[in-house]
Amino acid sequence: MEKFEVVGKPVQRQDARGKVTGSTKYTDDYSVPELLHAVMIRVPVAHAEITGMDFNGIEKRSDIVICDHRDIPAQKKVGPIKQDQPIFSWEKIVTPGDVVAMLVGGNREELYSLTKLVKVSYNELPVLTDPLKAMDADAPRIHPQFENNFIVHYPLRKGDVEKGFAECDGIIEETYTTQNIEHAYIEPESVIAFPLDKGEGVKILGSIQNPFTCRKVVALVLGLPLTKVRVVQAEMGGSFGGKDDTMNILAARAAIAALKTRRPVKISFNREESILESYKRHPYYMHYKVGYNNDGKLKAMKIDITADGGAYASMSPFVTWRTVVQATGPYEVEHVCTDVKAVYTNNPYTGAMRGFGSPQPIFAQESIMDEISIRLNMTPDKIREINGFKSGSKTASGQILDNHQVNLDTVIKAALVESGYEEKWPAYAKENADVPSIIGFANSSENKKYILDEAQLITPEKTWRKGIGMAASYRGCSLGAEGIDTTSAYLSVQLDGTAYLICGLAENGQGLRTTFSLVAAEVLGIPVEKIHYLELDTAIVPDSGPTVASRSTLMGGGAVKNAAEIVKDRIQKSVALKWNAP
């Protein structure tokens, strides 16, 4: 790092002072003239056919505006892959977070009280909550326009898995499950829509993870060209992948209301609403059958994974696409049979969350690796060393790892040394020798009732224990085959030597503005304090794709570096021309 003048050196984050002092303005902090508020009307059921709505005289009030699906001028259902999610539900309720209408007025608290007067008539339908039953012949169909509750299926085959099992010394079968996980960002969802061009356009200000995606969705719903929809990202109080689909829909609702009332409209969720309507991390049901030899070498893996997509497809096709590659871990296995499926249920819908299809299978595959190591009386690092990817390895998906460095073994060895693993593992094992093991307990024929006996209980004075573990995984950065990976950046040097900088990727709290400013300052040879980073506005910078998949520093940093090098080259040529320098 010594070759750098700016990069790698201590620097104050550009957003630090405002966040520490509380002066940073988040979306809900904005108050503008003639601002109206909007609150949602929901039905306390998970699955029902809507038969009617009675607003109980609210529609007669001049100070209250009602918005529902009839106010949508163009596309009524949206979605990143399948257009199955309504902006306002009008046919069915398929999950408790669904919104059937919206009340708009000047007093938010009064609007909440008025929602209790609205009567929605409906016929309840059977509720599907178990994804493993989603494809049963008698399962309730969540979306009648589709033949069944199937969202996507990715099969992967390598070698002959049954041949592999026949040739191995041991076989282990385990089932692992993971739960719904809420993103739980500190700032709940908030967005403001402003009518522009005499009602022929709209500006959106909000806590939006991917402004360009939001612009596309709002334009589709309003039937407007992209140039008539302007999205500005406000400071974000966390996202972790969670402020994408939900914020696009809230922005569309606010825009519909803004154009109908011709006044700015704000939607700000409280925590209960945020948890109710926002999407979650996918619950996974993962069955692993793994064959291995006594020397620790993996021979065959048969993996069946079902992801609970919930009420809407959202990003399930892409999340599970990542899973099928990750499912066998960073290990070379000769015979593989993997099936990853996502299905509809009436549960909260699931989508992008940090890790995007990786944490669930990593949990399963690393757990079963540990169980195999126990069976073979090996340390966890040894079995990973035996099976880990090396140069020339062939992955489960058929990729040959050549023409680049494969450093899994190097990384594992470095981690073992830095953590003191080789000393701590036997020491802690000796300390914990008196702790009863329940490995294999659930599969034991004499323990069908899953009740621990007295010898397997851990007494209170022995509950605090030290241990050390390890796990390995691999994952790519950026979109890969999911989309075109391009990013744009603008850099403008001013007469006093300062510079404006903007990139089409979004600052979601990860430090993007500071990182990009460091890159520009390093190339230009100026202090980072002289870089002024502009707010992200879809009207002034090209679409640079979504801010996901750890692609900001890689792709956006590359764009900033390229821009700075172009500017630097032009400056150098101008100076050389003026001073007749070589």
# chains A, B, ... in the order shown; residues from 1 in each chain; ligands from 1

$ closest_atom_pairs --of "range 73-94 of chain A" --to "range 99-119 of chain A" --cutoff "9 Å" --atoms "only C-alpha atoms" --output "tab-separated table"
residue	atom	partner	partner_atom	distance
A:Pro86	CA	A:Val99	CA	8.7
A:Ile87	CA	A:Val99	CA	7.7
A:Phe88	CA	A:Val100	CA	5.0
A:Ser89	CA	A:Val100	CA	4.7
A:Trp90	CA	A:Val100	CA	6.2
A:Ile93	CA	A:Val100	CA	8.3

$ closest_residue --among "A:Cys214, A:Leu577, A:Val7, A:Ile171" --to "Gly545 in chain A" --atoms "only C-alpha atoms"
A:Cys214

$ residues_around --residues "range 265-270 of chain A" --least-positions-apart "5" --cutoff "8 Å" --atoms "only C-alpha atoms" --output "ChimeraX atom specification"
/A:28,35-39,104,188-194,250,254-255,257-258

$ closest_residue --among "A:Asn508, A:Val127, A:Val202, A:Val324" --to "Glu187 in chain A" --atoms "only C-alpha atoms"
A:Asn508

$ atom_distance --atom1 "CA of Ile66 in chain A" --atom2 "CA of Val43 in chain A"
16.2 Å

$ closest_residue --among "A:Leu554, A:Leu222, A:Leu376, A:Val231" --to "Leu479 in chain A" --atoms "only C-alpha atoms"
A:Leu554

$ residues_around --residues "Pro426 in chain A" --least-positions-apart "3" --cutoff "12 Å" --atoms "only C-alpha atoms" --output "ChimeraX atom specification"
/A:378-380,420-423,429-433,466-469

$ residues_around --residues "Ile256 in chain A" --least-positions-apart "4" --cutoff "10 Å" --atoms "only C-alpha atoms" --output "ChimeraX atom specification"
/A:67-69,71-73,193,195,202,218,221-222,250-252,260-262,265
